[in-house]
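Structure record follows, encoded as structure tokens.
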Amino acid sequence: MKLTDQLTDYVNAAFTGVWIQTHEPDEALREIVRHAQQKKWKSAAWDIASGIRLTGSASNSSPESGAGDPLAALRALPALADAEGTAILILHNFHRFLSNHEVMQETFKQLIAGKQQRTFIVVLSPVVQIPVELEKLFVVIEHALPDRDQLLRIARELTSDRPDDLPDGEALQRVLDAAVGLTRYESEGAFALSLTKHNALRPEVIWELKAQALRKNNLLTLHRGQETFDTIGGMSNLKDFCRRALVAGKQVKPRGVLLLGVPGTGKSAFAKALGNETGKPTLLLDIGTLMGSLVGQSEANLRQALRIADAMSPCILFCDEMEKALSGVGSQGDSGVSTRLFGTLLTWLADHETEVFFIATCNDISKLPPEFTRAERFDGVFFLDLPDAKERDAIWTMYRAHFGIPTNYSRPDDSYWTGAEIRACCRLAALLDVPLTQAARNVVPVAMTAAESVERLRTWASGRCLCATNPGIYSRDGQPVKPTRRIRRDDPSQN
């Protein structure tokens with residue numbers, strides 16, 4: 001619902017306090033003033049620099065008030081009142097002044113009196129910081145980021161003099177995909193920068209500015225690597241599943257996948273390559289960076305990160321080593337912070353309607369609560385085992401070419417190696433300028449150093465997870481998993 005439509009509903013219902021959370025107060029002010037003129041409401045705006053001013057008059061005159069005095073602005077509100085009309089006072093960044101007891105009390109007084117006078121206080125602020133004394137008197141509206149239609153309108157306005165600079169078809173859709181999640185000011189700047197550099201709108205310039213915007217809030221990171229499925233050996237079933245799930249234009253929205261497997265089998269590499277393969281941005285979610293020192297700050301950071309991801313959809317949201325990120329779930333060692341973060345993430349996984357494809361990786365499923373893997377959290381839970389002989393051949397070929405290893409170098413015994421260990425062997429051979437068999441002496445397979453953990457992981461996954469290599473359920477011995485059932489005999493003595 002549009003901002004002005006929500007405001008109209010609350011004004012008609014006589015909610016005298018409206019708190020609008022926005023990072024674009026100027027744009028929000030223009031929308032409200034334009035709407036107030038259409039509704040024939042009287043409106044005035046106040047900020048600390050300019051004081052109070054009537055927004056609907058050509059002269060931009062103001063009632064008697066001190067320019068930067070918030071108390072004077074509040075006390076001027078009754079002068080705007082009309083016996084048969086509606087008056088709105090719009091306050092910029094007013095959360096900065098509500099810690100003052102006198103300002104808070106005067107706000108309370110005006111909010112109560114506004115029900116009879118038809119006067120309304122609208123606060124424009126990037127954060128919601130309402131004193132407990134006023135919490136019940138304000139309703140909160142979020143000023144949504146521009147949608148694709150609004151972004152297209154901004155792009156057309158900037159290219160009105162040279163329409164040929166505006167791409168069309170699939171190229172235009174890629175530009176809009178890159179701009180989704182930016183504010184109107186940021187998108188206009190990104191478009192202008194692209195036009196300045198290339199005389200055309202190009203998505204790579206917009207992605208660079210978007211990466212800078214994400215670095216400012218330190219909640220998500222935009223991955224801009226060059227990985228593709230061609231740089232990852234094996235996992236043919238997993239690759240095919242995700243390609244089909246992320247085909248554009250489907251009515252059913254994908255949810256994501258949980259990747260369980262032996263360390264070094266390519267779980268993180270796959271997640272990073274999926275975005276480039278499908279043309280969607282990959283956002284990295286690090287739970288550790290969300291932790292805050294204040295009570296409730298960590299949960300608020302996670303909710304904000306998920307809102308950013310929703311605003312940037314369609315996209316890939318990747319969280320690595322989930323069992324370590326949520327290691328405190330169920331305990332009180334961190335005062336329940338991990339448990340609350342886990343609850344927030346579970347709710348989002350089940351309820352979000354946006355095209356955010358969530359990928360979580362895990363090395364130890366026993367440390368994750370069972371509700372995390374239930375149906376409808378993910379589209380599938382895949383197990384990534386050690387690569388088979390055919391997959392190892394493909395991985396060797398890929399890394400030989402990458403590190404310039406001569407083809408006449410013989411391969412070491414790689415029966416229990418992961419893809420990461422094959423890469424390490426090739427890299428060490430190139431680094432030390434030695435044959436592969438000699439470089440292999442410095443590589444110790446994780447299947448040997450953590451044999452018990454690997455076997456335990458395989459045993460758990462057998463019959464429970466989808467196989468990343470072949471279609472169907474994973475089986476550790478390669479045979480189809482048969483459902484177990486009780487055998488009943490007619491002779492009671494044999495039961």
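Ligands are numbered from 1 in the order shown, chains are lettered A, B, ... in the order of the structure tokens, and residues start at 1 in each chain.
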Give me the residues near A:Ala273 as a ChimeraX atom specification, where near means some atom within 8 Å (using only C-alpha atoms) and where sequence neighbours in that chain fewer than 6 positions away do not count. /A:225-229
Run DSSP on the backbone and give me the residues of stretch 252-377 of chain A it puts in alpha helix (DSSP H), as a PyMOL selection string. chain A and resi 267-278+287-290+297-311+322-325+337-351
Can you tell me, as a short mmCIF file (atom, residue, chain, number, x, y, z; two decimals) with C-alpha atoms, in the first residue's frame, what residues are no more than 8 Å from stretch 165-182 of chain A when counting only C-alpha atoms, ignoring any on the same chain fewer than 3 positions away?
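Once written, out17.cif looks like this:
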```cif
data_model
loop_
_atom_site.label_atom_id
_atom_site.label_comp_id
_atom_site.auth_asym_id
_atom_site.auth_seq_id
_atom_site.Cartn_x
_atom_site.Cartn_y
_atom_site.Cartn_z
CA LEU A 145 11.77 1.86 -1.38
CA PRO A 146 10.93 2.61 -5.01
CA ASP A 147 9.50 -0.27 -7.02
CA ARG A 148 10.50 -1.18 -10.56
CA LEU A 151 12.87 3.22 -10.99
CA LEU A 152 11.93 3.04 -14.66
CA ALA A 155 15.63 6.33 -15.64
CA ARG A 156 13.37 7.77 -18.32
CA THR A 159 17.49 9.98 -20.40
CA ARG A 162 18.84 11.22 -25.21
CA TYR A 185 18.33 9.44 -4.42
CA GLU A 186 20.77 6.51 -4.71
CA SER A 187 19.19 5.16 -7.89
CA LEU A 195 25.48 7.84 -18.08
CA ASN A 199 26.67 7.26 -22.08
CA ALA A 200 24.37 4.36 -21.30
CA LEU A 201 22.72 2.68 -18.32
CA ARG A 202 24.83 -0.33 -17.36
CA PRO A 203 24.10 -2.68 -14.44
CA GLU A 204 27.75 -3.11 -13.40
CA ILE A 206 24.83 0.27 -10.35
CA TRP A 207 26.07 -2.91 -8.66
CA LYS A 210 24.94 -0.87 -4.33
CA ILE A 308 17.20 -5.37 2.70
CA ALA A 311 13.94 -5.26 -1.11
CA MET A 312 16.73 -6.51 -3.40
CA SER A 313 14.85 -9.57 -4.65
CA PRO A 314 15.28 -11.48 -6.87
#
```
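Residue nearest A:Thr4, chosen from A:Ala144, A:Asn100, A:Asp393, A:Gly256 and counting only C-alpha atoms: A:Ala144.
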Residues within 9 Å of A:Leu222, please, as a compact mmCIF listing (two decimals) with all heavy atoms, in the first residue's frame. Count only C-alpha atoms; anything in the same chain fewer than 3 positions from it doesn't count.
```
# COMPACT_ATOMS: atom_id res chain seq x y z
N TRP A 207 25.68 -1.92 -9.66
CA TRP A 207 26.07 -2.91 -8.66
C TRP A 207 27.20 -2.39 -7.78
O TRP A 207 27.23 -2.66 -6.57
CB TRP A 207 26.51 -4.20 -9.36
CG TRP A 207 25.38 -5.06 -9.83
CD1 TRP A 207 25.16 -5.51 -11.10
CD2 TRP A 207 24.31 -5.58 -9.04
NE1 TRP A 207 24.02 -6.26 -11.14
CE2 TRP A 207 23.47 -6.33 -9.90
CE3 TRP A 207 23.98 -5.47 -7.70
CZ2 TRP A 207 22.33 -6.97 -9.44
CZ3 TRP A 207 22.83 -6.11 -7.24
CH2 TRP A 207 22.02 -6.85 -8.11
N LYS A 210 25.74 -0.11 -5.29
CA LYS A 210 24.94 -0.87 -4.33
C LYS A 210 25.84 -1.58 -3.32
O LYS A 210 25.51 -1.66 -2.13
CB LYS A 210 24.07 -1.88 -5.07
CG LYS A 210 23.16 -2.67 -4.15
CD LYS A 210 22.26 -3.62 -4.91
CE LYS A 210 21.10 -2.88 -5.53
NZ LYS A 210 20.11 -3.83 -6.12
N ALA A 211 26.98 -2.09 -3.76
CA ALA A 211 27.93 -2.72 -2.84
C ALA A 211 28.43 -1.71 -1.81
O ALA A 211 28.58 -2.05 -0.63
CB ALA A 211 29.11 -3.31 -3.63
N GLN A 212 28.67 -0.48 -2.24
CA GLN A 212 29.09 0.56 -1.29
C GLN A 212 27.99 0.85 -0.27
O GLN A 212 28.25 1.03 0.92
CB GLN A 212 29.45 1.83 -2.04
CG GLN A 212 30.68 1.70 -2.92
CD GLN A 212 31.01 3.01 -3.63
OE1 GLN A 212 30.54 4.07 -3.24
NE2 GLN A 212 31.79 2.93 -4.69
N LEU A 214 25.71 -1.20 0.81
CA LEU A 214 25.61 -2.30 1.76
C LEU A 214 26.75 -2.27 2.77
O LEU A 214 26.57 -2.62 3.94
CB LEU A 214 25.62 -3.64 1.01
CG LEU A 214 24.36 -3.96 0.21
CD1 LEU A 214 24.54 -5.24 -0.58
CD2 LEU A 214 23.14 -4.09 1.13
N ARG A 215 27.95 -1.84 2.33
CA ARG A 215 29.07 -1.76 3.25
C ARG A 215 28.84 -0.72 4.35
O ARG A 215 29.39 -0.84 5.45
CB ARG A 215 30.36 -1.44 2.49
CG ARG A 215 30.96 -2.63 1.77
CD ARG A 215 32.40 -2.36 1.34
NE ARG A 215 32.45 -1.38 0.27
CZ ARG A 215 32.46 -1.69 -1.03
NH1 ARG A 215 32.39 -2.95 -1.40
NH2 ARG A 215 32.53 -0.76 -1.95
N PRO A 281 22.05 -11.23 -7.93
CA PRO A 281 23.08 -10.85 -6.96
C PRO A 281 23.14 -11.84 -5.80
O PRO A 281 22.12 -12.41 -5.40
CB PRO A 281 22.62 -9.47 -6.47
CG PRO A 281 21.14 -9.47 -6.69
CD PRO A 281 20.90 -10.29 -7.92
N THR A 282 24.33 -12.04 -5.28
CA THR A 282 24.54 -12.92 -4.13
C THR A 282 24.89 -12.06 -2.92
O THR A 282 25.91 -11.37 -2.92
CB THR A 282 25.66 -13.93 -4.41
OG1 THR A 282 25.29 -14.75 -5.53
CG2 THR A 282 25.88 -14.83 -3.20
N LEU A 283 24.06 -12.14 -1.89
CA LEU A 283 24.27 -11.40 -0.65
C LEU A 283 24.79 -12.36 0.40
O LEU A 283 24.23 -13.44 0.60
CB LEU A 283 22.97 -10.75 -0.17
CG LEU A 283 22.28 -9.79 -1.14
CD1 LEU A 283 20.96 -9.31 -0.54
CD2 LEU A 283 23.17 -8.61 -1.44
N LEU A 284 25.86 -11.97 1.09
CA LEU A 284 26.44 -12.79 2.14
C LEU A 284 25.95 -12.31 3.49
O LEU A 284 26.11 -11.13 3.84
CB LEU A 284 27.97 -12.73 2.08
CG LEU A 284 28.62 -13.04 0.72
CD1 LEU A 284 30.14 -13.02 0.85
CD2 LEU A 284 28.15 -14.37 0.18
```
Near-A:Val132 list (12 Å; only C-alpha atoms; drop same-chain fewer than 3 positions) as a ChimeraX atom specification: /A:98-99,101,104-105,108,128-129,135-138
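Using only C-alpha atoms, the shortest contact distance between A:Ile20 and any of A:Ser125, A:Thr339, A:Gln297, A:Thr107 is found at A:Ser125.
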Have a look at atom CA of A:Arg34 and atom CA of A:Ile52 and let me know their distance in Å, one decimal. 17.8 Å
Which distance in Å separates atom CA of A:Val18 and atom CA of A:Ala81, to one decimal? 17.2 Å
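You will find atom CA of A:Ser410 at 19.1 Å from atom CA of A:Pro387.
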